[in-house]
Amino acid sequence: MAHLCLTDVSVHFGGLQALTEVSFDLRPGEIVSLIGPNGAGKTTIFNVITGVYKISGGVVAYDGQTISGLRPHHILARGIARTFQNIRLFTAMTALENVMVARHCRTRSGVIGSVLRTGCQRAEERAVRERGMAALDFVGLAAHADAVAKNLPYGLQRRLEIARALGSDPTTILLDEPAAGLNPSESRELMEMIQRIAKTGVNVLLVEHDMSVVMNVSHRVVVLDHGVCICQGAPAEVRSNPAVIEAYLGSETD
Amino acid sequence: MDYLFQQLINGLTLGGVYALVALGYTMVYGIIQLINFAHGEIFAAGGYLGVILLSYMASQGLMDSHPWFGLAFALILAMGYCAMLAMAVEKVAYKPLRQSSRLSVLLSALGMSIFLQNGLMLTQGVYDKAYPTEFTHGGFEWLGVRVSYMQIGILAVTALLLVLLNTLVFKTRIGKAMRATAQDKVMSALVGIHSDKVISTTFAIGAALAAAAGIMVGLYYGSVRYDMGFVPGIKAFAAAVLGGIGNITGAMIGGLIIGMVEILAAAYIPAGGEYKDVFAFVILIGVLYFMPTGIMGENVDDTRV
Amino acid sequence: MSAKRVILTLVAMCLMAGTATAATLKIGSLSPLTGSYAADGNDIANGTRAAIAAIEKEGGIPGFDKIELFAEDSACDPRQAVAAANKLVNEKVVGVVGAYCSSATIPASETLAEADIPMLTPASTSEKVTERGLPYMFRVCGRDDDQSIAAMKFIKDVLKAKTIFIVDDKTTYSQGLADNVEKLANKEGLKVIAHDHVNQGDKDFSAVLTKIKDAKPDVLYMSLQNSASGALMLIQAKRAGVTAAIIGQDAVYHPQLMEIAKDAAEGMYLTFGYIDEETPSYKKFLAAYEKFGKPGAYSAYAYDAAYSLLSAIKAAKSTDPAKIKAELIKGDMQGASKKIKFQANGESGSNYIIRVVKDGKFANFWDPQTGKKY
Ligand SMILES: Nc1ncnc2c1ncn2[C@@H]1O[C@H](COP(=O)(O)OP(=O)(O)OP(=O)(O)O)[C@@H](O)[C@H]1O
Ligand SMILES: [Mg+2]
């Protein structure tokens with residue numbers, strides 16, 4: 001079973017130490033939230049896990065195998081997909097195309113086959129399309145399959161990001177502030193969706209500022225401050241931890 | 001009237017060739033924002049491989065018995081060869097510089113262009129190489145307009161390749177990957193696209209189109225020379241910019257416009273023949289003045305590759 | 001002796017041998033070895049090489065045990081030609097064969113003149129080449145004014161043309177010829193339908209050819225400075241359905257013309273110096289040139305230029321330019337291309353005739369001197 005494990009991960013950008021010996025794990029079937037003030041290093045952790053940033057120390061392992069050092073597309077192929085804090089869709093493509101693109105790692109036909117439209121390639125294309133539609137349906141976007149991404153309303157673009165991540169059949173999904181900019185009813189729907197995702201057997205690592213979302217859906221919470229992991233545990237436990245209140249609320253009020 | 005139509009056919013043929021070459025510039029630019037100066041030389045290499053293959057087949061009598069088979073065979077082989085050549089160029093000259101400044105990559109491209117041109121000169125000689133053109137002379141006259149089979153051939157192959165390319169880019173998996181990589185390399189990597197492979201594929205496709213153009217130019221005009229890539233390279237690049245660099249439809253339109261302007265300037269403007277290139281570039285500057293991103297510039301993201 | 005010693009001794013011996021036999025005669029050639037005119041340019045270098053080989057076979061030049069050729073690339077570009085000429089000056093060559101394009105020959109000759117190095121052009125036909133009063137400038141080929149007169153005579157007397165369409169590619173050479181022909185045509189009462197220009201290196205002539213097809217002139221005077229361009233125009237003219245008689249000139253006289261244009265070249269006329277291929281001198285040239293392939297337009301002229309130069313040095317027993325000049329003018333030899341007799345102004349006379357492409361070969365067609373067909 002999928003088990004994501006970070007051990008003593010450090011990252012620095014020039015002189016800036018963005019992460020210092022961060023360790024936590026995401027066990028099968030879990031929804032874990034990563035919280036911390038702005039600039040704490042949450043997105044950096046996502047970038048480390050997905051292979052965008054090189055780490056300067058420590059190990060990231062998935063299913064017992066080291067994945068730190070692999071290229072992003074290889075990590076995706078291992079089953080870790082993500083969304084972005086700032087929506088990064090392929091704006092000129094349709095919703096369906098956005099999801100289909102993400103199945104690249106799960107298909108195999110090459111250029112020649114594509115041009116000649118071989119039978120095998122067609123069958124594959126059909127399967128990709130079906131899987132893409134299923135992902136859109138899952139997030140409630142089936143009706144918008146042929147809409148061009150940049151024309152979708154903001155809330156739906158957020159969902160499309162999730163659908164695209166799901167499109168690659170991940171075993172772990174990393175969601176970077178999926179509730180940002182959503183209204184309360186949209187947030188509620190999102191929460192529900194996260195729980196549905198977890199039910200399908202996909203692990204979820206969530207970065208979220210909206211505490212109601214965090215406290216409601218998470219099995220565990222990891223708190224980060226200035227690149228250091230200051231506390232982890234069940235939501236209730238974390239909420240009452242004085243260090244967390246200090247770090248988190250201290251900066252929340254500034 | 002038939003004079004105009006005759007000139008339009010002439011312009012269409014020339015424009016078709018420019019369009020094919022322009023696509024390679026535009027696709028590569030779209031995906032890694034590099035002006036691939038070596039592209040003109042790939043076009044020349046295609047022309048040379050064509051003459052080598054066709055001459056050999058002609059000497060074996062194959063071009064008399066199966067001219068269409070011979071042509072198709074030469075075309076496919078040259079396209080394949082140039083695709084590999086361009087992939088090698090990309091690997092050697094551009095990939096190691098992926099993280100460097102754009103200026104260094106540009107210089108590397110210039111160097112590659114000179115290297116390839118000299119390579120052609122040293123291996124193939126400085127003389128023009130004659131194409132076997134015996135089977136290209138036919139044609140028909142229709143309402144006073146003379147159309148050679150070669151012109152029809154060029155237009156047909158160009159149209160076919162453009163349709164295939166459009167299908168590839170807009171209908172297939174690799175096409176989606178190309179468009180995704182063009183828009184956002186980091187993100188496309190994060191959705192599982194191997195961007196190096198996609199970039200390499202883009203070079204290969206552009207080169208294959210240029211190789212086809214090289215053979216058709218050889219057949220149409222009757223000869224190739226080692227430096228044949230330079231002028232069409234510049235014109236095709238201008239066509240790509242005119243159409244909105246990075247935009248596939250734009251490159252096709254740009255190529256046709258440049259071809260047409262050249263021919264019509266020579267046909268209708270006194271002393272137009274000697275200044276036809278000037279007209280082409282004046283149009284380019286004029287269009288860029290009013291539409292800085294080129295004709296298809298508004299939706300640069302839409303069809304960018 | 002140790003092995004090291006042996007090697008050192010051998011090296012020293014080689015060095016001494018090198019200095020002891022320093023009597024190498026250096027001559028230069030200037031021609032476009034790359035670019036559009038590379039075919040003709042290499043013919044010139046090869047013609048020069050053939051002459052050196054022929055002279056060496058005849059015993060060489062007393063006082064020198066080797067003749068070395070410095071073949072420089074003038075690229076048909078004035079700046080590069082001057083740079084190449086400077087290089088030859090630095091190499092201290094005693095004479096130069098070249099260059100090709102008049103526009104390159106003229107500035108290069110000024111550079112060579114400063115060092116008093118004799119220059120013999122096998123190919124530059126512009127009148128200006130010899131009209132600047134340079135003491136050591138010689139011309140082995142003919143002159144453009146003579147060439148256009150021959151062409152016009154043919155157009156009037158043989159073709160009996162009434163209308164003419166003129167196209168040139170704007171080089172000093174091609175435009176000079178085209179202008180001359182236009183002037184003569186006006187004088188002779190021919191209707192000049194148009195005098196159009198294309199660019200050097202153009203591949204597509206379809207626009208101008210469609211114009212010509214439409215205008216239906218009797219004659220197309222095609223003044224292009226390159227046999228490959230000529231071939232391109234012939235192919236496209238045939239395809240476009242141009243029926244006018246086409247007349248070219250010496251610059252398209254090259255086997256390449258037929259190699260590329262094939263049957264599209266058939267029936268094309270061109271003006272070219274008369275070369276009697278039956279003379280022993282031509283046969284000697286052909287033998288010396290064999291290893292370079294088929295001779296081009298200027299192979300024989302370059303051979304003659306180099307042969308004259310080397311013979312003059314041999315006769316003068318000196319490399320002093322004044323003495324070489326004296327011997328050149330004194331000389332009167334049957335060359336491969338023609339009878340070479342230099343006048344004081346450096347000219348050796350024109351002998352243009354009309355040739356035609358027939359069965360894939362250039363054939364003598366008409367002699368303007370006698371007004372007779374061959
Ligand atoms: N590519 C980079 N180069 C330099 N510094 C970076 C880079 N990426 C992140 N940082 C720095 O690392 C620190 C952590 O940034 P990160 O984006 O991970 O914070 P975050 O916890 O996601 O904050 P937010 O809640 O605002 O999204 C910040 O100081 C940021 O400026
Ligand atoms: Mg963040």
# chains A, B, ... in the order shown; residues from 1 in each chain; ligands from 1

$ interface_residues --of "chain C" --to "chain B" --cutoff "8 Å" --atoms "only C-alpha atoms" --output "list in words"
Leu33, Thr34, Gly35, Ala38, Ala39, Asp196, His197, Val198, Asn199, Lys203, Asp204, Ser206, Ala207, Val208, Thr210, Lys211, Asp214, Ala228, Leu232, Ile235, Gln236, Arg239, Ala240, Gly241, Gln256, Glu259, Ile260 and Ala261 of chain C

$ write_last_selection --atoms "N, CA, C and O atoms" --output "compact mmCIF listing (two decimals), in the first residue's frame"
# COMPACT_ATOMS: atom_id res chain seq x y z
N LEU C 33 35.68 30.07 -54.21
CA LEU C 33 35.73 28.62 -53.97
C LEU C 33 34.49 28.15 -53.23
O LEU C 33 34.22 26.96 -53.14
N THR C 34 33.76 29.09 -52.62
CA THR C 34 32.52 28.73 -51.94
C THR C 34 31.44 29.69 -52.44
O THR C 34 31.76 30.69 -53.07
N GLY C 35 30.21 29.38 -52.13
CA GLY C 35 29.11 30.27 -52.51
C GLY C 35 28.56 29.93 -53.89
O GLY C 35 28.88 28.90 -54.47
N ALA C 38 30.91 28.87 -56.79
CA ALA C 38 31.96 27.92 -56.45
C ALA C 38 32.34 27.04 -57.63
O ALA C 38 33.50 26.67 -57.78
N ALA C 39 31.37 26.72 -58.48
CA ALA C 39 31.67 25.82 -59.59
C ALA C 39 32.71 26.45 -60.50
O ALA C 39 33.77 25.88 -60.76
N ASP C 196 13.96 43.47 -66.97
CA ASP C 196 13.63 43.12 -65.58
C ASP C 196 14.87 42.63 -64.85
O ASP C 196 15.83 42.21 -65.47
N HIS C 197 14.77 42.70 -63.52
CA HIS C 197 15.90 42.21 -62.73
C HIS C 197 15.43 41.14 -61.76
O HIS C 197 14.32 41.20 -61.26
N VAL C 198 16.30 40.20 -61.50
CA VAL C 198 16.06 39.26 -60.41
C VAL C 198 17.26 39.40 -59.48
O VAL C 198 18.14 40.20 -59.73
N ASN C 199 17.27 38.60 -58.41
CA ASN C 199 18.40 38.70 -57.48
C ASN C 199 19.32 37.51 -57.64
O ASN C 199 18.88 36.42 -57.99
N LYS C 203 15.82 31.43 -56.57
CA LYS C 203 15.52 30.12 -57.13
C LYS C 203 14.24 30.16 -57.93
O LYS C 203 14.03 29.38 -58.82
N ASP C 204 13.37 31.04 -57.53
CA ASP C 204 12.05 31.04 -58.15
C ASP C 204 11.94 32.19 -59.15
O ASP C 204 11.98 33.35 -58.76
N SER C 206 9.36 32.14 -61.39
CA SER C 206 8.07 31.89 -62.03
C SER C 206 7.34 33.19 -62.35
O SER C 206 6.67 33.29 -63.38
N ALA C 207 7.47 34.21 -61.49
CA ALA C 207 6.74 35.45 -61.73
C ALA C 207 7.21 36.11 -63.02
O ALA C 207 6.41 36.44 -63.90
N VAL C 208 8.53 36.28 -63.16
CA VAL C 208 9.03 36.97 -64.34
C VAL C 208 8.81 36.11 -65.59
O VAL C 208 8.50 36.63 -66.67
N THR C 210 6.32 34.07 -66.13
CA THR C 210 4.91 34.19 -66.53
C THR C 210 4.69 35.48 -67.31
O THR C 210 3.97 35.53 -68.30
N LYS C 211 5.39 36.52 -66.85
CA LYS C 211 5.35 37.79 -67.58
C LYS C 211 5.87 37.59 -69.00
O LYS C 211 5.27 38.08 -69.96
N ASP C 214 3.59 35.71 -71.25
CA ASP C 214 2.48 36.56 -71.66
C ASP C 214 2.89 37.56 -72.74
O ASP C 214 2.12 37.88 -73.63
N ALA C 228 24.19 27.61 -62.58
CA ALA C 228 23.10 26.95 -61.86
C ALA C 228 21.83 27.79 -61.93
O ALA C 228 20.74 27.27 -62.15
N LEU C 232 18.19 26.85 -63.59
CA LEU C 232 16.90 26.99 -62.92
C LEU C 232 15.93 27.76 -63.81
O LEU C 232 14.77 27.40 -63.95
N ILE C 235 14.73 25.56 -66.77
CA ILE C 235 13.72 24.56 -66.38
C ILE C 235 12.37 25.22 -66.22
O ILE C 235 11.35 24.76 -66.73
N GLN C 236 12.38 26.35 -65.49
CA GLN C 236 11.10 27.00 -65.21
C GLN C 236 10.51 27.63 -66.46
O GLN C 236 9.29 27.69 -66.61
N ARG C 239 8.77 24.90 -68.26
CA ARG C 239 7.52 24.56 -67.57
C ARG C 239 6.46 25.63 -67.79
O ARG C 239 5.28 25.34 -67.94
N ALA C 240 6.90 26.90 -67.79
CA ALA C 240 5.94 27.99 -67.93
C ALA C 240 5.43 28.11 -69.36
O ALA C 240 4.45 28.79 -69.61
N GLY C 241 6.13 27.47 -70.29
CA GLY C 241 5.69 27.55 -71.67
C GLY C 241 6.25 28.74 -72.43
O GLY C 241 5.64 29.24 -73.36
N GLN C 256 27.52 22.06 -65.92
CA GLN C 256 26.47 22.03 -64.91
C GLN C 256 25.12 22.48 -65.48
O GLN C 256 24.07 22.02 -65.05
N GLU C 259 23.61 19.51 -66.92
CA GLU C 259 23.39 18.50 -65.88
C GLU C 259 22.11 18.80 -65.12
O GLU C 259 21.33 17.92 -64.79
N ILE C 260 21.90 20.07 -64.82
CA ILE C 260 20.73 20.44 -64.02
C ILE C 260 19.50 20.60 -64.91
O ILE C 260 18.45 20.04 -64.65
N ALA C 261 19.66 21.37 -65.98
CA ALA C 261 18.48 21.69 -66.78
C ALA C 261 18.08 20.56 -67.72
O ALA C 261 16.93 20.45 -68.12

$ closest_atom_pairs --of "chain A" --to "chain B" --cutoff "8 Å" --atoms "only C-alpha atoms" --output "Markdown table"
| residue | atom | partner | partner_atom | distance |
| --- | --- | --- | --- | --- |
| A:Thr50 | CA | B:Leu190 | CA | 7.0 |
| A:Val52 | CA | B:Val186 | CA | 7.6 |
| A:Pro72 | CA | B:Leu190 | CA | 5.4 |
| A:His73 | CA | B:Gly192 | CA | 3.9 |
| A:His74 | CA | B:Gly192 | CA | 7.0 |
| A:Ile75 | CA | B:Gly192 | CA | 7.9 |
| A:Leu76 | CA | B:Gly192 | CA | 5.3 |
| A:Ala77 | CA | B:Gly192 | CA | 6.5 |
| A:Ala81 | CA | B:Val191 | CA | 7.0 |
| A:Arg82 | CA | B:Leu190 | CA | 7.5 |
| A:Arg88 | CA | B:Met187 | CA | 7.2 |
| A:Phe90 | CA | B:Ala180 | CA | 6.1 |
| A:Thr91 | CA | B:Asp301 | CA | 7.7 |
| A:Ala92 | CA | B:Asp302 | CA | 4.8 |
| A:Met93 | CA | B:Asp302 | CA | 7.4 |
| A:Glu97 | CA | B:Lys176 | CA | 7.3 |
| A:Met100 | CA | B:Arg173 | CA | 7.8 |
| A:Val101 | CA | B:Lys176 | CA | 6.0 |
| A:Ala102 | CA | B:Val191 | CA | 4.8 |
| A:Arg103 | CA | B:Gly192 | CA | 7.4 |
| A:His104 | CA | B:Ile193 | CA | 6.1 |
| A:Cys105 | CA | B:Gly192 | CA | 5.3 |
| A:Gly110 | CA | B:Ile174 | CA | 7.4 |
| A:Val111 | CA | B:Ile174 | CA | 6.6 |
| A:Ser114 | CA | B:Thr172 | CA | 6.1 |
| A:Val115 | CA | B:Leu168 | CA | 5.8 |
| A:Glu125 | CA | B:Arg173 | CA | 7.5 |
| A:Arg164 | CA | B:Val191 | CA | 7.9 |
| A:Ala165 | CA | B:Val191 | CA | 7.1 |
| A:Ser168 | CA | B:Val191 | CA | 7.5 |

$ atom_distance --atom1 "atom CA of Val356 of chain C" --atom2 "atom CA of Ser148 of chain C"
16.2 Å

$ residues_near_ligand --ligand "ligand 1" --cutoff "6 Å" --atoms "only C-alpha atoms and all ligand atoms" --output "ChimeraX atom specification"
/A:13,18,37-44

$ closest_residue --among "A:Ile87, A:Met211, A:Leu190, A:Ile31" --to "ligand 2" --atoms "only C-alpha atoms and all ligand atoms"
A:Ile87

$ residues_around --residues "segment 136-141 of chain A" --least-positions-apart "5" --cutoff "10 Å" --atoms "only C-alpha atoms" --output "JSON, numbers by chain"
{"A": [95, 96, 99, 130, 131, 146, 147, 156, 157, 158, 159, 160, 161, 162, 163, 164, 166, 167, 189, 190, 193, 194, 196, 197]}

$ atom_distance --atom1 "atom CA of Ile67 of chain C" --atom2 "atom CA of Leu25 of chain C"
4.6 Å

$ select_by_dssp --residues "segment 63-288 of chain C" --states "strand (DSSP E or B)" --output "ChimeraX atom specification"
/C:66-73,96-98,119-121,137-139,163-168,191-197,219-223,245-248,269-273

$ select_by_dssp --residues "segment 131-342 of chain C" --states "alpha helix (DSSP H)" --output "PyMOL selection string"
chain C and resi 144-157+172-188+206-215+227-240+255-261+280-289+299-316+321-330

$ closest_residue --among "A:Gly14, A:Gly58, A:Pro242, A:Pro178" --to "ligand 2" --atoms "only C-alpha atoms and all ligand atoms"
A:Pro178

$ residues_around --residues "segment 81-87 of chain C" --least-positions-apart "4" --cutoff "8 Å" --atoms "only C-alpha atoms" --output "JSON, numbers by chain"
{"C": [30, 72, 73, 74, 75, 76, 77, 91, 104, 105, 107, 108, 109, 111, 112]}

$ write_last_selection --atoms "all heavy atoms" --output "mmCIF file, in the first residue's frame"
data_model
loop_
_atom_site.group_PDB
_atom_site.id
_atom_site.type_symbol
_atom_site.label_atom_id
_atom_site.label_comp_id
_atom_site.auth_asym_id
_atom_site.auth_seq_id
_atom_site.Cartn_x
_atom_site.Cartn_y
_atom_site.Cartn_z
ATOM 1 N N LEU C 30 42.935 33.519 -57.260
ATOM 2 C CA LEU C 30 41.818 34.152 -56.561
ATOM 3 C C LEU C 30 40.565 33.769 -57.314
ATOM 4 O O LEU C 30 40.453 34.043 -58.506
ATOM 5 C CB LEU C 30 41.951 35.671 -56.624
ATOM 6 C CG LEU C 30 42.733 36.410 -55.560
ATOM 7 C CD1 LEU C 30 42.783 37.882 -55.920
ATOM 8 C CD2 LEU C 30 42.098 36.211 -54.210
ATOM 9 N N GLU C 72 43.254 31.080 -53.132
ATOM 10 C CA GLU C 72 42.450 31.812 -52.150
ATOM 11 C C GLU C 72 41.009 31.977 -52.632
ATOM 12 O O GLU C 72 40.738 32.037 -53.819
ATOM 13 C CB GLU C 72 43.067 33.182 -51.886
ATOM 14 C CG GLU C 72 44.401 33.113 -51.147
ATOM 15 C CD GLU C 72 44.272 32.536 -49.750
ATOM 16 O OE1 GLU C 72 43.196 32.704 -49.122
ATOM 17 O OE2 GLU C 72 45.234 31.880 -49.282
ATOM 18 N N ASP C 73 40.123 32.079 -51.647
ATOM 19 C CA ASP C 73 38.698 32.211 -51.933
ATOM 20 C C ASP C 73 38.305 33.691 -51.974
ATOM 21 O O ASP C 73 38.378 34.387 -50.972
ATOM 22 C CB ASP C 73 37.919 31.494 -50.824
ATOM 23 C CG ASP C 73 36.429 31.460 -51.106
ATOM 24 O OD1 ASP C 73 36.014 31.946 -52.173
ATOM 25 O OD2 ASP C 73 35.689 30.930 -50.256
ATOM 26 N N SER C 74 37.887 34.169 -53.146
ATOM 27 C CA SER C 74 37.484 35.578 -53.240
ATOM 28 C C SER C 74 35.975 35.730 -53.058
ATOM 29 O O SER C 74 35.462 36.828 -52.875
ATOM 30 C CB SER C 74 37.891 36.160 -54.593
ATOM 31 O OG SER C 74 37.292 35.401 -55.622
ATOM 32 N N ALA C 75 35.260 34.604 -53.114
ATOM 33 C CA ALA C 75 33.828 34.561 -52.799
ATOM 34 C C ALA C 75 32.971 35.528 -53.615
ATOM 35 O O ALA C 75 31.839 35.779 -53.257
ATOM 36 C CB ALA C 75 33.587 34.790 -51.310
ATOM 37 N N CYS C 76 33.509 36.081 -54.675
ATOM 38 C CA CYS C 76 32.765 37.065 -55.472
ATOM 39 C C CYS C 76 32.322 38.229 -54.597
ATOM 40 O O CYS C 76 31.266 38.804 -54.785
ATOM 41 C CB CYS C 76 31.558 36.429 -56.160
ATOM 42 S SG CYS C 76 30.819 37.497 -57.398
ATOM 43 N N ASP C 77 33.142 38.513 -53.588
ATOM 44 C CA ASP C 77 32.782 39.563 -52.646
ATOM 45 C C ASP C 77 33.951 40.535 -52.543
ATOM 46 O O ASP C 77 35.078 40.116 -52.279
ATOM 47 C CB ASP C 77 32.503 38.921 -51.278
ATOM 48 C CG ASP C 77 32.280 39.956 -50.199
ATOM 49 O OD1 ASP C 77 31.309 40.713 -50.315
ATOM 50 O OD2 ASP C 77 33.096 40.015 -49.252
ATOM 51 N N GLU C 91 52.116 36.308 -48.612
ATOM 52 C CA GLU C 91 52.805 35.068 -48.986
ATOM 53 C C GLU C 91 53.906 35.347 -49.999
ATOM 54 O O GLU C 91 54.636 34.451 -50.387
ATOM 55 C CB GLU C 91 51.802 34.066 -49.584
ATOM 56 C CG GLU C 91 50.813 33.475 -48.583
ATOM 57 C CD GLU C 91 51.480 32.568 -47.555
ATOM 58 O OE1 GLU C 91 52.676 32.245 -47.737
ATOM 59 O OE2 GLU C 91 50.813 32.219 -46.572
ATOM 60 N N ALA C 104 34.828 41.751 -57.821
ATOM 61 C CA ALA C 104 35.851 41.331 -56.865
ATOM 62 C C ALA C 104 37.247 41.527 -57.447
ATOM 63 O O ALA C 104 38.199 41.869 -56.743
ATOM 64 C CB ALA C 104 35.650 39.861 -56.489
ATOM 65 N N THR C 105 37.358 41.326 -58.755
ATOM 66 C CA THR C 105 38.657 41.441 -59.411
ATOM 67 C C THR C 105 39.201 42.873 -59.287
ATOM 68 O O THR C 105 40.381 43.077 -59.014
ATOM 69 C CB THR C 105 38.524 41.090 -60.906
ATOM 70 O OG1 THR C 105 37.940 39.794 -61.006
ATOM 71 C CG2 THR C 105 39.876 41.121 -61.590
ATOM 72 N N PRO C 107 38.712 45.523 -57.040
ATOM 73 C CA PRO C 107 39.386 45.922 -55.791
ATOM 74 C C PRO C 107 40.599 45.061 -55.461
ATOM 75 O O PRO C 107 41.602 45.569 -54.957
ATOM 76 C CB PRO C 107 38.294 45.775 -54.727
ATOM 77 C CG PRO C 107 37.221 44.941 -55.330
ATOM 78 C CD PRO C 107 37.304 45.141 -56.805
ATOM 79 N N ALA C 108 40.526 43.762 -55.759
ATOM 80 C CA ALA C 108 41.670 42.898 -55.464
ATOM 81 C C ALA C 108 42.880 43.325 -56.283
ATOM 82 O O ALA C 108 44.017 43.309 -55.797
ATOM 83 C CB ALA C 108 41.326 41.436 -55.736
ATOM 84 N N SER C 109 42.635 43.749 -57.511
ATOM 85 C CA SER C 109 43.759 44.120 -58.376
ATOM 86 C C SER C 109 44.455 45.369 -57.839
ATOM 87 O O SER C 109 45.662 45.528 -57.995
ATOM 88 C CB SER C 109 43.269 44.343 -59.806
ATOM 89 O OG SER C 109 42.438 45.490 -59.867
ATOM 90 N N THR C 111 44.846 46.105 -54.688
ATOM 91 C CA THR C 111 45.710 45.635 -53.603
ATOM 92 C C THR C 111 46.987 45.011 -54.159
ATOM 93 O O THR C 111 48.096 45.280 -53.688
ATOM 94 C CB THR C 111 44.958 44.595 -52.751
ATOM 95 O OG1 THR C 111 43.750 45.189 -52.306
ATOM 96 C CG2 THR C 111 45.785 44.145 -51.573
ATOM 97 N N LEU C 112 46.835 44.170 -55.174
ATOM 98 C CA LEU C 112 48.005 43.509 -55.746
ATOM 99 C C LEU C 112 48.911 44.528 -56.436
ATOM 100 O O LEU C 112 50.138 44.408 -56.409
ATOM 101 C CB LEU C 112 47.567 42.430 -56.746
ATOM 102 C CG LEU C 112 46.809 41.244 -56.135
ATOM 103 C CD1 LEU C 112 46.340 40.284 -57.227
ATOM 104 C CD2 LEU C 112 47.687 40.494 -55.142
#

$ atom_distance --atom1 "atom CA of Ile155 of chain C" --atom2 "atom CA of Ala123 of chain C"
24.0 Å

$ residues_around --residues "His195 of chain C" --least-positions-apart "4" --cutoff "10 Å" --atoms "only C-alpha atoms" --output "VMD selection string"
(chain B and resid 270 to 271) or (chain C and resid 164 to 168 178 to 179 182 221)

$ residues_around --residues "segment 301-318 of chain C" --least-positions-apart "5" --cutoff "7 Å" --atoms "only C-alpha atoms" --output "PyMOL selection string"
chain C and resi 44+47-48+50-51+61+97+120+122+140-141+323-324+327-328+335-337

$ write_last_selection --atoms "N, CA and C atoms" --output "mmCIF file, in the first residue's frame"
data_model
loop_
_atom_site.group_PDB
_atom_site.id
_atom_site.type_symbol
_atom_site.label_atom_id
_atom_site.label_comp_id
_atom_site.auth_asym_id
_atom_site.auth_seq_id
_atom_site.Cartn_x
_atom_site.Cartn_y
_atom_site.Cartn_z
ATOM 1 N N ILE C 44 38.633 27.586 -61.978
ATOM 2 C CA ILE C 44 39.771 28.493 -62.158
ATOM 3 C C ILE C 44 40.982 27.995 -61.371
ATOM 4 N N GLY C 47 42.213 24.939 -63.180
ATOM 5 C CA GLY C 47 42.903 25.270 -64.422
ATOM 6 C C GLY C 47 44.332 25.720 -64.122
ATOM 7 N N THR C 48 44.468 26.511 -63.039
ATOM 8 C CA THR C 48 45.792 26.974 -62.632
ATOM 9 C C THR C 48 46.665 25.792 -62.215
ATOM 10 N N ALA C 50 46.366 22.780 -63.228
ATOM 11 C CA ALA C 50 46.698 21.997 -64.425
ATOM 12 C C ALA C 50 47.893 22.623 -65.158
ATOM 13 N N ALA C 51 47.912 23.960 -65.216
ATOM 14 C CA ALA C 51 49.028 24.630 -65.894
ATOM 15 C C ALA C 51 50.333 24.387 -65.147
ATOM 16 N N ILE C 61 60.649 25.285 -63.842
ATOM 17 C CA ILE C 61 61.275 26.568 -64.097
ATOM 18 C C ILE C 61 62.669 26.546 -63.483
ATOM 19 N N VAL C 97 46.521 34.451 -60.642
ATOM 20 C CA VAL C 97 45.500 34.169 -61.637
ATOM 21 C C VAL C 97 44.150 34.420 -60.974
ATOM 22 N N LEU C 120 46.495 38.167 -63.716
ATOM 23 C CA LEU C 120 45.935 37.794 -65.012
ATOM 24 C C LEU C 120 44.544 37.239 -64.779
ATOM 25 N N PRO C 122 41.240 35.343 -65.792
ATOM 26 C CA PRO C 122 40.758 34.424 -66.818
ATOM 27 C C PRO C 122 39.273 34.616 -67.096
ATOM 28 N N VAL C 140 42.828 37.466 -69.987
ATOM 29 C CA VAL C 140 42.947 36.375 -70.957
ATOM 30 C C VAL C 140 41.629 36.156 -71.703
ATOM 31 N N CYS C 141 40.510 36.480 -71.013
ATOM 32 C CA CYS C 141 39.213 36.281 -71.673
ATOM 33 C C CYS C 141 38.838 37.539 -72.468
ATOM 34 N N LYS C 323 60.062 42.657 -65.693
ATOM 35 C CA LYS C 323 60.596 41.693 -66.675
ATOM 36 C C LYS C 323 59.514 40.696 -67.084
ATOM 37 N N ILE C 324 58.671 40.303 -66.109
ATOM 38 C CA ILE C 324 57.584 39.381 -66.444
ATOM 39 C C ILE C 324 56.648 40.037 -67.454
ATOM 40 N N GLU C 327 58.071 40.058 -70.911
ATOM 41 C CA GLU C 327 57.993 38.741 -71.554
ATOM 42 C C GLU C 327 56.559 38.394 -71.956
ATOM 43 N N LEU C 328 55.583 38.795 -71.084
ATOM 44 C CA LEU C 328 54.175 38.509 -71.414
ATOM 45 C C LEU C 328 53.801 39.172 -72.730
ATOM 46 N N GLY C 335 47.320 29.301 -77.117
ATOM 47 C CA GLY C 335 46.913 28.751 -75.831
ATOM 48 C C GLY C 335 45.848 27.696 -76.025
ATOM 49 N N ALA C 336 45.332 27.196 -74.915
ATOM 50 C CA ALA C 336 44.257 26.209 -74.995
ATOM 51 C C ALA C 336 42.967 26.885 -75.431
ATOM 52 N N SER C 337 42.744 28.103 -74.940
ATOM 53 C CA SER C 337 41.489 28.777 -75.241
ATOM 54 C C SER C 337 41.551 29.529 -76.565
#
